[in-house]
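K.L.:
The structure file model13.cif (mmCIF, C-alpha atoms) is provided below.
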data_start
#
loop_
_atom_site.label_atom_id
_atom_site.label_comp_id
_atom_site.auth_asym_id
_atom_site.auth_seq_id
_atom_site.Cartn_x
_atom_site.Cartn_y
_atom_site.Cartn_z
CA MET A 1 12.56 -16.74 27.52
CA LYS A 2 8.92 -16.29 28.61
CA PRO A 3 7.47 -12.77 28.42
CA GLN A 4 6.39 -12.88 32.09
CA PHE A 5 9.96 -13.55 33.22
CA LEU A 6 11.30 -10.88 30.90
CA ARG A 7 8.85 -8.35 32.31
CA LYS A 8 9.94 -8.97 35.93
CA ALA A 9 13.66 -9.54 35.50
CA TYR A 10 14.46 -7.03 32.76
CA PRO A 11 11.84 -4.26 32.70
CA SER A 12 13.72 -2.14 30.16
CA MET A 13 14.14 -5.14 27.85
CA TRP A 14 10.45 -5.92 28.33
CA LEU A 15 9.58 -2.46 27.04
CA LEU A 16 11.52 -3.10 23.83
CA PHE A 17 9.90 -6.53 23.53
CA ALA A 18 6.40 -5.10 23.99
CA VAL A 19 7.01 -2.33 21.47
CA ALA A 20 8.28 -4.91 18.97
CA LEU A 21 5.08 -6.93 19.38
CA LEU A 22 2.95 -3.85 18.83
CA ALA A 23 5.05 -2.90 15.83
CA ALA A 24 4.40 -6.28 14.25
CA ASP A 25 0.64 -5.61 14.51
CA ALA A 26 0.70 -2.16 12.93
CA LYS A 27 3.78 -1.61 10.86
CA ALA A 28 2.95 1.41 8.75
CA CYS A 29 -0.68 2.51 9.00
CA THR A 30 -1.94 5.81 7.60
CA THR A 31 -5.14 7.40 8.94
CA ALA A 32 -7.35 10.49 8.89
CA VAL A 33 -10.27 11.84 10.93
CA ILE A 34 -12.47 14.14 8.80
CA SER A 35 -15.15 16.46 10.20
CA GLY A 36 -18.58 16.51 8.61
CA LYS A 37 -18.07 20.26 8.26
CA VAL A 38 -15.75 19.69 5.30
CA THR A 39 -17.44 16.70 3.63
CA ALA A 40 -19.78 16.88 0.66
CA ASP A 41 -22.78 15.45 2.51
CA GLY A 42 -22.09 16.73 6.03
CA ARG A 43 -21.28 13.30 7.41
CA PRO A 44 -17.90 12.63 9.09
CA LEU A 45 -15.37 10.24 7.57
CA LEU A 46 -12.70 8.09 9.21
CA TRP A 47 -9.99 6.31 7.22
CA LYS A 48 -7.27 3.74 7.88
CA ASN A 49 -4.89 1.76 5.69
CA ARG A 50 -3.73 -1.14 7.83
CA ASP A 51 -0.14 -2.31 7.37
CA THR A 52 1.32 -5.30 9.18
CA SER A 53 3.81 -8.10 8.65
CA THR A 54 1.97 -10.62 10.86
CA GLY A 55 -1.74 -10.28 10.04
CA LEU A 56 -1.91 -10.92 6.30
CA HIS A 57 -5.26 -12.71 6.42
CA ASN A 58 -8.10 -10.46 7.61
CA GLU A 59 -11.84 -10.87 7.97
CA VAL A 60 -14.84 -8.91 9.20
CA ALA A 61 -16.31 -10.29 12.42
CA VAL A 62 -19.26 -9.61 14.70
CA ILE A 63 -18.03 -8.58 18.17
CA THR A 64 -20.35 -9.40 21.07
CA GLY A 65 -20.14 -9.64 24.85
CA GLY A 66 -20.39 -5.94 25.68
CA LYS A 67 -23.00 -3.21 25.99
CA TYR A 68 -22.93 -2.72 22.23
CA LYS A 69 -22.65 -5.21 19.38
CA ALA A 70 -20.10 -4.30 16.72
CA VAL A 71 -18.56 -5.34 13.41
CA ALA A 72 -14.80 -5.06 13.02
CA VAL A 73 -11.82 -5.99 10.88
CA VAL A 74 -9.73 -8.57 12.73
CA ASN A 75 -6.91 -10.97 12.06
CA ALA A 76 -8.62 -14.03 10.62
CA GLY A 77 -9.85 -16.39 13.32
CA GLN A 78 -9.16 -13.96 16.17
CA ARG A 79 -11.64 -11.91 18.18
CA SER A 80 -9.68 -10.72 21.22
CA THR A 81 -8.27 -7.72 19.32
CA VAL A 82 -9.75 -5.57 16.57
CA TRP A 83 -8.01 -3.19 14.18
CA MET A 84 -10.93 -1.01 13.06
CA GLY A 85 -14.64 -1.29 13.68
CA VAL A 86 -18.06 0.28 14.26
CA ASN A 87 -20.73 -0.54 16.83
CA GLU A 88 -24.52 -0.30 16.76
CA ALA A 89 -24.40 3.12 18.45
CA GLY A 90 -22.51 4.46 15.42
CA PHE A 91 -19.20 4.77 17.26
CA CYS A 92 -16.22 4.05 14.96
CA ILE A 93 -12.58 3.57 15.90
CA GLU A 94 -9.23 2.82 14.22
CA ASN A 95 -5.56 3.40 15.03
CA SER A 96 -2.03 3.84 13.78
CA LEU A 97 0.98 2.70 15.78
CA SER A 98 3.11 5.50 17.23
CA ARG A 99 6.27 4.09 18.82
CA ASP A 100 7.37 7.50 20.07
CA LEU A 101 4.60 7.40 22.70
CA ALA A 102 6.29 4.52 24.57
CA ILE A 103 7.58 5.17 28.11
CA LYS A 104 10.46 3.63 30.02
CA GLU A 105 8.26 2.37 32.86
CA ASP A 106 6.82 -1.13 32.94
CA THR A 107 3.27 -1.05 31.52
CA SER A 108 0.31 -3.39 31.65
CA GLY A 109 -3.33 -3.36 30.66
CA PRO A 110 -5.06 -3.33 27.28
CA GLY A 111 -2.93 -2.82 24.17
CA ASN A 112 -3.94 -1.08 20.96
CA GLY A 113 -6.18 -3.84 19.57
CA SER A 114 -7.74 -4.90 22.86
CA LEU A 115 -8.50 -1.28 23.83
CA MET A 116 -10.33 -0.79 20.54
CA ARG A 117 -12.36 -3.91 21.20
CA MET A 118 -13.20 -2.59 24.65
CA ALA A 119 -14.18 0.77 23.18
CA LEU A 120 -16.52 -0.80 20.63
CA GLN A 121 -18.19 -2.80 23.38
CA THR A 122 -18.71 0.13 25.77
CA CYS A 123 -18.59 3.51 23.96
CA ALA A 124 -21.37 5.32 22.14
CA THR A 125 -19.67 8.69 21.71
CA VAL A 126 -16.29 10.33 21.37
CA ASP A 127 -16.72 11.58 24.95
CA ASP A 128 -17.31 8.00 26.16
CA PHE A 129 -13.96 7.07 24.67
CA ARG A 130 -12.30 10.05 26.35
CA ARG A 131 -13.69 8.82 29.69
CA LEU A 132 -12.37 5.32 28.96
CA LEU A 133 -8.93 6.81 28.44
CA GLU A 134 -9.24 8.78 31.70
CA GLU A 135 -10.08 5.58 33.56
CA THR A 136 -7.30 3.54 31.99
CA ASN A 137 -4.80 6.34 32.57
CA VAL A 138 -5.15 5.24 36.20
CA SER A 139 -5.70 1.49 35.85
CA GLY A 140 -3.05 1.11 33.15
CA ARG A 141 -2.70 0.54 29.39
CA SER A 142 0.06 -0.70 27.11
CA THR A 143 -1.09 1.50 24.22
CA ILE A 144 1.19 3.47 21.93
CA ALA A 145 -1.13 4.68 19.19
CA ASN A 146 -3.04 7.45 17.47
CA PHE A 147 -6.73 6.51 17.81
CA GLY A 148 -9.20 8.06 15.37
CA VAL A 149 -12.87 8.07 16.39
CA ILE A 150 -16.16 9.41 15.04
CA ASP A 151 -19.68 9.04 16.41
CA ALA A 152 -23.33 9.42 15.38
CA HIS A 153 -23.50 12.93 16.87
CA GLY A 154 -20.91 14.57 14.64
CA GLY A 155 -17.91 13.86 16.86
CA ALA A 156 -14.59 13.51 15.02
CA VAL A 157 -11.45 13.36 17.17
CA LEU A 158 -7.94 11.93 17.08
CA PHE A 159 -6.32 10.84 20.36
CA GLU A 160 -2.54 10.48 20.63
CA THR A 161 -2.42 7.87 23.36
CA GLY A 162 0.45 6.58 25.46
CA PRO A 163 0.30 4.12 28.38
CA LYS A 164 -0.72 6.76 30.93
CA THR A 165 -1.55 9.91 28.98
CA TYR A 166 -3.45 11.12 25.96
CA LYS A 167 -3.93 14.30 23.96
CA LEU A 168 -6.95 14.93 21.76
CA PHE A 169 -7.24 16.82 18.47
CA ASN A 170 -10.80 17.77 17.58
CA ALA A 171 -11.38 17.88 13.82
CA ASN A 172 -14.43 20.10 14.47
CA ASP A 173 -12.33 22.77 16.20
CA PRO A 174 -11.22 25.39 13.61
CA VAL A 175 -8.52 26.66 15.94
CA VAL A 176 -6.83 23.25 16.34
CA THR A 177 -7.60 21.89 12.88
CA PRO A 178 -8.48 24.74 10.52
CA ASP A 179 -8.74 22.33 7.57
CA GLY A 180 -11.34 20.18 9.32
CA TYR A 181 -9.30 16.98 9.35
CA VAL A 182 -6.45 15.35 11.25
CA VAL A 183 -3.98 13.06 9.48
CA ARG A 184 -1.54 10.70 11.17
CA SER A 185 0.89 7.99 10.15
CA ASN A 186 3.36 6.48 12.63
CA PHE A 187 4.43 9.41 14.75
CA SER A 188 2.75 11.63 17.33
CA THR A 189 2.95 15.38 17.51
CA THR A 190 2.86 15.02 21.31
CA ALA A 191 6.14 13.13 21.51
CA GLN A 192 7.74 15.21 18.74
CA GLN A 193 6.61 18.47 20.37
CA LEU A 194 4.91 19.68 17.20
CA GLU A 195 1.64 21.48 16.44
CA ALA A 196 -1.43 19.52 15.34
CA ASN A 197 -0.64 19.77 11.62
CA PRO A 198 3.16 19.82 11.17
CA THR A 199 4.79 20.93 7.93
CA ARG A 200 7.32 19.11 5.78
CA LYS A 201 10.15 21.24 7.19
CA GLU A 202 9.15 20.49 10.80
CA LEU A 203 9.03 16.73 10.24
CA ASP A 204 12.56 16.52 8.84
CA LYS A 205 13.53 12.81 8.93
CA ILE A 206 10.75 11.46 11.18
CA TYR A 207 9.70 7.94 10.16
CA SER A 208 6.49 7.83 8.08
CA ALA A 209 6.50 11.59 7.45
CA GLU A 210 6.22 11.03 3.69
CA ARG A 211 2.92 9.16 4.07
CA TYR A 212 1.52 11.80 6.42
CA LEU A 213 2.46 14.57 3.99
CA ARG A 214 1.10 12.71 0.97
CA ALA A 215 -2.25 12.04 2.71
CA ARG A 216 -2.51 15.72 3.63
CA ASP A 217 -1.74 16.74 0.04
CA ILE A 218 -4.54 14.49 -1.26
CA LEU A 219 -7.07 15.78 1.28
CA ASP A 220 -6.02 19.38 0.70
CA LEU A 221 -6.81 18.93 -2.98
CA CYS A 222 -10.12 17.18 -2.30
CA ALA A 223 -11.13 19.80 0.28
CA SER A 224 -11.04 22.56 -2.33
CA ASP A 225 -14.54 21.38 -3.30
CA LYS A 226 -15.50 19.45 -0.14
CA ILE A 227 -14.33 15.88 0.56
CA ASP A 228 -16.52 12.98 -0.45
CA LEU A 229 -16.51 9.31 0.43
CA GLN A 230 -15.42 8.07 -2.96
CA GLU A 231 -12.38 10.35 -3.02
CA VAL A 232 -11.09 8.91 0.24
CA VAL A 233 -11.82 5.32 -0.78
CA ARG A 234 -10.16 5.67 -4.17
CA GLN A 235 -7.54 8.39 -3.83
CA CYS A 236 -6.31 7.94 -0.26
CA CYS A 237 -6.45 4.17 0.09
CA ARG A 238 -4.84 3.41 -3.30
CA ASP A 239 -2.32 6.25 -3.66
CA MET A 240 1.08 5.30 -5.09
CA SER A 241 3.60 8.16 -5.01
CA ASP A 242 7.35 8.45 -4.91
CA ASP A 243 9.43 9.79 -2.01
CA SER A 244 8.78 13.38 -3.07
CA GLY A 245 5.00 12.88 -3.05
CA LYS A 246 4.58 12.76 -6.82
CA ALA A 247 2.12 10.10 -7.96
CA TYR A 248 3.43 7.68 -10.59
CA ALA A 249 2.01 8.08 -14.10
CA GLY A 250 -0.96 5.80 -14.73
CA THR A 251 -1.76 5.29 -11.03
CA ILE A 252 -4.85 6.53 -9.21
CA ASN A 253 -3.64 10.08 -8.62
CA GLY A 254 -0.94 10.23 -11.27
CA PRO A 255 -0.92 11.93 -14.66
CA THR A 256 -2.05 10.06 -17.77
CA GLY A 257 0.64 7.81 -19.15
CA GLU A 258 2.16 4.38 -18.86
CA MET A 259 3.16 3.14 -15.45
CA PRO A 260 6.79 2.19 -14.88
CA GLU A 261 7.49 -1.53 -15.16
CA SER A 262 7.48 -1.81 -11.37
CA ILE A 263 6.73 0.50 -8.46
CA ALA A 264 8.49 0.37 -5.09
CA THR A 265 5.99 0.86 -2.26
CA THR A 266 8.26 1.45 0.74
CA SER A 267 7.17 5.11 0.94
CA THR A 268 3.72 4.97 -0.66
CA ILE A 269 0.43 5.04 1.26
CA SER A 270 -0.71 1.86 -0.50
CA ARG A 271 2.07 -0.62 0.18
CA THR A 272 2.77 -4.31 -0.27
CA THR A 273 2.38 -4.58 3.53
CA THR A 274 -1.14 -3.11 3.40
CA VAL A 275 -3.44 -5.98 4.39
CA SER A 276 -6.77 -4.12 4.56
CA ALA A 277 -8.30 -0.66 4.52
CA VAL A 278 -11.49 0.91 5.80
CA VAL A 279 -13.31 4.18 5.28
CA PHE A 280 -16.10 4.79 7.80
CA HIS A 281 -18.95 6.92 6.48
CA GLY A 282 -20.79 8.35 9.48
CA VAL A 283 -24.27 9.79 9.87
CA LYS A 284 -25.67 13.25 10.50
CA PRO A 285 -26.99 13.97 14.02
CA GLY A 286 -30.51 12.56 14.25
CA GLU A 287 -30.00 9.84 11.66
CA SER A 288 -30.04 6.19 12.71
CA PRO A 289 -26.56 5.14 13.91
CA LYS A 290 -27.11 1.83 12.11
CA LEU A 291 -26.70 3.72 8.84
CA THR A 292 -23.03 4.21 9.71
CA THR A 293 -21.13 2.38 6.99
CA MET A 294 -17.77 0.63 7.17
CA TRP A 295 -16.47 0.52 3.59
CA THR A 296 -14.13 -2.44 3.84
CA MET A 297 -11.30 -3.47 1.54
CA LEU A 298 -9.89 -6.86 2.59
CA GLY A 299 -6.42 -7.51 1.25
CA ASP A 300 -4.21 -4.93 -0.41
CA PRO A 301 -6.72 -2.22 -1.48
CA LYS A 302 -4.95 -1.89 -4.87
CA PHE A 303 -6.23 -5.39 -5.61
CA SER A 304 -9.55 -5.34 -3.76
CA ILE A 305 -13.03 -3.79 -3.90
CA ALA A 306 -14.64 -1.69 -1.14
CA VAL A 307 -17.73 -3.39 0.28
CA PRO A 308 -20.30 -1.73 2.60
CA VAL A 309 -20.77 -3.21 6.08
CA PHE A 310 -23.35 -1.84 8.51
CA PRO A 311 -23.42 -2.39 12.32
CA ILE A 312 -26.45 -4.68 12.28
CA GLY A 313 -24.88 -7.80 13.77
CA HIS A 314 -24.40 -9.55 10.44
CA VAL A 315 -21.47 -10.03 8.07
CA ALA A 316 -21.82 -11.25 4.48
CA ASP A 317 -20.12 -14.57 3.75
CA PRO A 318 -17.42 -13.29 1.32
CA LEU A 319 -16.00 -11.13 4.13
CA GLU A 320 -16.05 -13.61 7.00
CA ASP A 321 -13.93 -16.74 7.36
CA GLU A 322 -11.61 -17.91 10.12
CA LYS A 323 -8.87 -18.37 7.50
CA GLY A 324 -9.54 -14.99 5.88
CA GLY A 325 -12.49 -13.41 4.08
CA GLU A 326 -12.73 -14.77 0.54
CA ILE A 327 -12.57 -11.36 -1.13
CA GLY A 328 -9.36 -10.65 0.76
CA GLU A 329 -7.86 -14.01 -0.13
CA ILE A 330 -8.40 -13.34 -3.84
CA ALA A 331 -6.82 -9.90 -3.39
CA ILE A 332 -3.79 -11.56 -1.77
CA SER A 333 -3.39 -13.87 -4.78
CA LEU A 334 -3.71 -11.00 -7.26
CA ARG A 335 -1.08 -9.04 -5.36
CA ASP A 336 1.31 -11.96 -4.85
CA TRP A 337 1.46 -12.63 -8.59
CA ARG A 338 2.85 -9.11 -9.05
CA LEU A 339 5.29 -8.86 -6.14
CA THR A 340 8.83 -7.87 -7.03
CA PRO A 341 11.58 -10.27 -5.81
CA ASP A 342 12.24 -8.12 -2.72
CA ARG A 343 8.46 -8.09 -1.98
CA ASP A 344 8.63 -4.32 -1.47
CA GLY A 345 7.12 -3.43 -4.83
CA VAL A 346 4.73 -4.57 -7.54
CA PHE A 347 5.04 -5.19 -11.26
CA THR A 348 2.46 -3.09 -13.06
CA SER A 349 1.70 -5.15 -16.16
CA GLY A 350 -2.08 -5.45 -16.54
CA LEU A 351 -2.88 -3.24 -13.54
CA ALA A 352 -4.64 -0.56 -15.57
CA GLY A 353 -7.12 -3.08 -17.00
CA MET A 354 -7.69 -4.68 -13.62
CA TRP A 355 -8.44 -1.30 -12.06
CA ARG A 356 -10.94 -0.42 -14.80
CA ASP A 357 -12.86 -3.61 -14.03
CA MET A 358 -12.68 -3.29 -10.25
CA TRP A 359 -13.42 0.41 -10.00
CA SER A 360 -16.51 0.18 -12.18
CA THR A 361 -17.89 -2.44 -9.79
CA GLU A 362 -16.92 -0.35 -6.78
CA ASP A 363 -18.49 2.78 -8.29
CA HIS A 364 -21.75 0.88 -8.73
CA LEU A 365 -21.74 -0.38 -5.14
CA ILE A 366 -21.05 3.10 -3.76
CA SER A 367 -23.78 4.67 -5.89
CA VAL A 368 -26.43 2.11 -4.92
CA THR A 369 -25.50 2.20 -1.24
CA LEU A 370 -25.45 5.99 -0.96
CA GLU A 371 -28.83 6.20 -2.69
CA ALA A 372 -30.27 3.68 -0.22
CA LYS A 373 -28.63 5.46 2.72
CA GLU A 374 -30.23 8.78 1.77
CA ARG A 375 -33.60 7.09 1.35
CA TRP A 376 -33.39 5.31 4.70
CA ALA A 377 -32.25 8.50 6.42
CA LYS A 378 -35.50 10.18 5.29
CA GLU A 379 -37.98 7.31 5.44
CA GLY A 380 -36.61 5.21 8.28
CA ILE A 381 -34.43 2.11 8.36
CA LYS A 382 -35.42 -1.53 8.28
CA VAL A 383 -32.59 -3.81 9.36
CA ALA A 384 -33.80 -6.55 7.04
CA ASP A 385 -33.41 -4.21 4.05
CA VAL A 386 -29.92 -3.21 5.15
CA LYS A 387 -28.94 -6.87 5.48
CA VAL A 388 -30.17 -7.59 1.95
CA LEU A 389 -28.21 -4.65 0.53
CA GLN A 390 -24.91 -5.48 2.20
CA THR A 391 -25.26 -9.17 1.32
CA LYS A 392 -25.92 -8.43 -2.35
CA ALA A 393 -23.10 -5.90 -2.42
CA ALA A 394 -20.61 -8.44 -1.05
CA GLU A 395 -21.80 -11.08 -3.48
CA HIS A 396 -21.48 -8.65 -6.40
CA ALA A 397 -17.94 -7.73 -5.33
CA MET A 398 -17.08 -11.39 -4.89
CA LYS A 399 -18.20 -12.24 -8.43
CA ALA A 400 -16.12 -9.39 -9.81
CA MET A 401 -13.08 -10.54 -7.85
CA GLN A 402 -13.55 -14.14 -9.00
CA GLN A 403 -13.78 -12.98 -12.61
CA GLU A 404 -10.60 -10.97 -12.19
CA LEU A 405 -8.87 -14.05 -10.82
CA ILE A 406 -10.02 -16.10 -13.83
CA ASP A 407 -8.90 -13.36 -16.23
CA GLU A 408 -5.47 -13.25 -14.59
CA LYS A 409 -5.06 -17.02 -14.84
CA ASN A 410 -6.12 -17.04 -18.49
CA ALA A 411 -3.69 -14.22 -19.25
CA ALA A 412 -0.90 -16.21 -17.61
CA LEU A 413 -1.75 -19.25 -19.73
CA GLN A 414 -1.46 -17.16 -22.89
CA LEU A 415 2.13 -16.21 -22.15
CA THR A 416 4.67 -17.75 -24.50
CA ALA A 417 6.33 -20.72 -22.88
CA PRO A 418 10.13 -20.68 -22.77
CA ALA A 419 11.88 -22.69 -25.48
CA PRO A 420 12.99 -26.17 -24.41
CA PRO A 421 16.66 -26.46 -23.51
CA GLU A 422 19.08 -27.65 -26.18
CA PHE A 423 21.13 -30.75 -25.44
CA GLY A 424 24.40 -31.74 -27.04
CA THR A 425 24.76 -34.81 -29.30
CA PRO A 426 24.93 -37.90 -27.10
CA LEU A 427 28.20 -39.82 -27.13
CA ALA A 428 28.28 -42.83 -29.45
CA THR A 429 27.91 -46.10 -27.59
CA SER A 430 30.43 -48.84 -28.01
CA ALA A 431 29.52 -51.59 -30.50
CA THR A 432 31.29 -54.20 -28.44
CA ASN A 433 29.96 -55.87 -25.35
#
If you convert what's in this file into structure tokens, what do you get?
P.N.:
Amino acid sequence: MKPQFLRKAYPSMWLLFAVALLAADAKACTTAVISGKVTADGRPLLWKNRDTSTGLHNEVAVITGGKYKAVAVVNAGQRSTVWMGVNEAGFCIENSLSRDLAIKEDTSGPGNGSLMRMALQTCATVDDFRRLLEETNVSGRSTIANFGVIDAHGGAVLFETGPKTYKLFNANDPVVTPDGYVVRSNFSTTAQQLEANPTRKELDKIYSAERYLRARDILDLCASDKIDLQEVVRQCCRDMSDDSGKAYAGTINGPTGEMPESIATTSTISRTTTVSAVVFHGVKPGESPKLTTMWTMLGDPKFSIAVPVFPIGHVADPLEDEKGGEIGEIAISLRDWRLTPDRDGVFTSGLAGMWRDMWSTEDHLISVTLEAKERWAKEGIKVADVKVLQTKAAEHAMKAMQQELIDEKNAALQLTAPAPPEFGTPLATSATN
């Protein structure tokens, strides 16, 4: 049955069909908008772990054709929709699916990914995006999502957005968000009739509540001494905790000790369905918007390295390929080798060593990039210098990922081969012809 016929003949069925399509694009994302008022360097942060069952292969692409040029994470080989990105004005956007924002009426217009592409092409500020939502409230959207946005002027807002309505939560407003950040997973407080920051008791059995609560717990702990970029990249993107919110021993946020043989990820922030993650590191008002940094992890972030990408109209080769950025493709291989038979968990053998190698590389890239960012913020930015830095950073990460792949293959070759099967004594053949 064609979607156009379904839309006209069975509008209620079309709604379910449309929601199912959107669900396939954003199965279990976890996000946060963080005001510069509560960060270590005064710059806002924006985070998303992207989960999907249909867009395994991701890449970073240059988005053109609008008022502003942008760089964004997209499904490999596709440019009509984006799933998180930043433009040259320093405007950043990401989303998490929120099915509870769907309405019974027939809807049309841009969906979650196409609206984000439109926003990157036309918006310079959080207020520009608000106006875009006002306009499309009238013209029509097919969005059911929580959109997180930051800009180069200190704006940091989350919009719970249905097809014809939206509600905003300003991370800079101490009345609405006293902690200075807004966390969301796959529900909206608007549809659930909750306050901006619901408690565990209020959420009861709402889908994705455990990821929302776990992300808040992590940020609450980090906020005790201001939140910094590296904490969000490492501790939010890679968290592996059980249903009660307790991190497994040996994992990023867990106590010291051996990891269990395998870890189920159906309730963790970092899941086997996580195909990429991004932490946007904004700028202070007055700094060049081109210093806005999209720290990009292609592939499952547990098996990948964060690489800096700036909105300068260029993407380093290891991140860009119509079949999937190379760094992400290696991360997919590293993850697939450890998948449990049900594909909902990972075997942990060798993970600790892998993380030591990867995180040391990532720490170096973050240190070098932040040092350069501070220098450029004071002395002025040269796009050519930024291009060199992000290219070298991607190449450095690529070499580390390639080495990890080689190490994993060599380790597999060292495993003891199974003993050959034993066969019974063959029957004696007849001596007569």
K.L.:
Using all atoms listed in the file, which of A:Arg130, A:Lys373, A:His281, A:Arg211 sits nearest A:Met240?
P.N.:
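When distances to A:Met240 are compared using all atoms listed in the file, the smallest one comes from A:Arg211.
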K.L.:
Measuring atom to atom with all atoms listed in the file, identify which of A:Pro318, A:Gly162, A:Gly85, A:Gly257 is nearest to A:Ile63.
P.N.:
A:Gly85
K.L.:
Find the residues around stretch 81-83 of chain A up to 7 Å (all atoms listed in the file counted), leave out those fewer than 6 positions away in its own chain, and share them as a ChimeraX atom specification.
P.N.:
/A:72-74,94,113-114,116-117
K.L.:
What does the distance between atom CA of A:Glu395 and atom CA of A:Glu59 come to in Å, to one decimal place?
P.N.:
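About the pair atom CA of A:Glu395 and atom CA of A:Glu59: they are 15.2 Å apart.
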K.L.:
Report the residues retrieved by the PyMOL selection byres ((chain A and resi 148) around 10) from the displayed file, expressed as a list in words.
P.N.:
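For this structure, the PyMOL selection byres ((chain A and resi 148) around 10) captures Thr31, Ala32, Val33, Ile34, Leu46, Trp47, Lys48, Met84, Cys92, Ile93, Glu94, Asn95, Ser96, Val126, Ala145, Asn146, Phe147, Val149, Ile150, Ala156, Val157, Leu158, Phe159, Glu160, Leu168, Phe169, Val182, Val183 and Arg184 of chain A.
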K.L.:
Taking all atoms listed in the file into account, produce a table as JSON lines in which each residue of stretch 329-355 of chain A with an atom at most 7 Å from an atom of stretch 294-303 of chain A appears once, together with its shortest atom pair and the distance in Å to one decimal, ordered by chain and rising number.
P.N.:
{"residue": "A:Glu329", "atom": "CA", "partner": "A:Gly299", "partner_atom": "CA", "distance": 6.8}
{"residue": "A:Ala331", "atom": "CA", "partner": "A:Phe303", "partner_atom": "CA", "distance": 5.1}
{"residue": "A:Ile332", "atom": "CA", "partner": "A:Gly299", "partner_atom": "CA", "distance": 5.7}
{"residue": "A:Leu334", "atom": "CA", "partner": "A:Phe303", "partner_atom": "CA", "distance": 6.4}
{"residue": "A:Arg335", "atom": "CA", "partner": "A:Phe303", "partner_atom": "CA", "distance": 6.3}
K.L.:
Counting all atoms listed in the file, figure out which residue out of A:Lys37, A:Arg50, A:Lys392, A:His57 gets nearest to A:Gly328.
P.N.:
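Going through A:Lys37, A:Arg50, A:Lys392, A:His57 one by one, the smallest distance to A:Gly328 is for A:His57.
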K.L.:
Go through A:Thr122, A:Gln235, A:Thr136, A:Asn197 and flag the residue nearest A:Leu221, using only C-alpha atoms for the distances.
P.N.:
A:Gln235
K.L.:
Output the residue selection produced by the PyMOL selection byres ((chain A and resi 42) around 12) on the file above, formatted as a list in words.
P.N.:
Ile34, Ser35, Gly36, Lys37, Val38, Thr39, Ala40, Asp41, Arg43, Pro44, Leu45, Ala152, His153, Gly154, Gly155, Asn172, Gly180, Lys226, Ile227, Asp228, Leu229, His281, Gly282, Val283, Lys284, Pro285 and Glu287 of chain A
K.L.:
Given the file shown, enumerate the residues that the PyMOL selection byres ((chain A and resi 108) around 8) captures and present them as a PyMOL selection string.
P.N.:
chain A and resi 106-107+109-110+140-142
K.L.:
Measuring atom to atom with only C-alpha atoms, identify which of A:Ala316, A:Leu133, A:Ala249, A:Ala306 is nearest to A:Met401.
P.N.:
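Under the stated criterion, the closest residue is A:Ala306.
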K.L.:
Select, counting all atoms listed in the file, all protein, DNA and RNA residues no farther than 10 Å from (5.2, 12.0, 23.2) in file coordinates, and express the selection as a ChimeraX atom specification.
P.N.:
/A:98-103,144,160-162,165-167,187-194
K.L.:
Grab the atom CA of A:Gln78 to atom CA of A:Pro289 distance for me, in Å with one decimal place.
P.N.:
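If I compute the distance from atom CA of A:Gln78 to atom CA of A:Pro289, I get 25.9 Å.
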K.L.:
Compute the distance from (6.9, 12.6, 3.3) to each atom, counting only C-alpha atoms, keep the residues with any atom at most 12 Å away, and return them as a PyMOL selection string; use the coordinates of the file.
P.N.:
chain A and resi 30+184-186+198-217+241-246+266-269
K.L.:
Figure out the distance between atom CA of A:Glu261 and atom CA of A:Ile327, please, to one decimal in Å.
P.N.:
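Atom-to-atom, atom CA of A:Ile327 and atom CA of A:Glu261 are spaced 26.4 Å apart.
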K.L.:
Calculated over only C-alpha atoms, which of the candidates A:Lys323, A:Lys69, A:Lys290, A:Arg343 has the smallest distance to A:Val383?
P.N.:
A:Lys290
K.L.:
Tell me which protein, DNA and RNA residues are within 6 Å of A:Asp151, counting only C-alpha atoms, leaving out same-chain ones fewer than 6 positions away, and put them as a PyMOL selection string.
P.N.:
chain A and resi 90-91+125
K.L.:
Emit the selected residues as a PDB file, keeping the file's coordinate frame, including C-alpha atoms.
P.N.:
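Output contents, as saved in again.pdb:
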ATOM      1  CA  GLY A  90     -22.510   4.460  15.420  1.00  0.00           C
ATOM      2  CA  PHE A  91     -19.200   4.770  17.260  1.00  0.00           C
ATOM      3  CA  THR A 125     -19.670   8.690  21.710  1.00  0.00           C
TER       4      THR A 125
END
K.L.:
I'd like the box whose edges run along x, y and z of the file and which contains every listed atom of stretch 302-306 of chain A, padded by 3 Å per side; could you state its centre and edge lengths in Å, one decimal, as JSON?
P.N.:
{"center_x": -9.8, "center_y": -3.5, "center_z": -3.4, "size_x": 15.7, "size_y": 9.7, "size_z": 10.5}
K.L.:
Just the residues within 7 Å of A:Val346, please, counting only C-alpha atoms, with nothing from its chain fewer than 6 positions along; format it as a PDB file with C-alpha atoms, in the frame of the given file.
P.N.:
ATOM      1  CA  SER A 262       7.480  -1.810 -11.370  1.00  0.00           C
ATOM      2  CA  ILE A 263       6.730   0.500  -8.460  1.00  0.00           C
ATOM      3  CA  ALA A 264       8.490   0.370  -5.090  1.00  0.00           C
ATOM      4  CA  ARG A 338       2.850  -9.110  -9.050  1.00  0.00           C
ATOM      5  CA  LEU A 339       5.290  -8.860  -6.140  1.00  0.00           C
ATOM      6  CA  THR A 340       8.830  -7.870  -7.030  1.00  0.00           C
TER       7      THR A 340
END
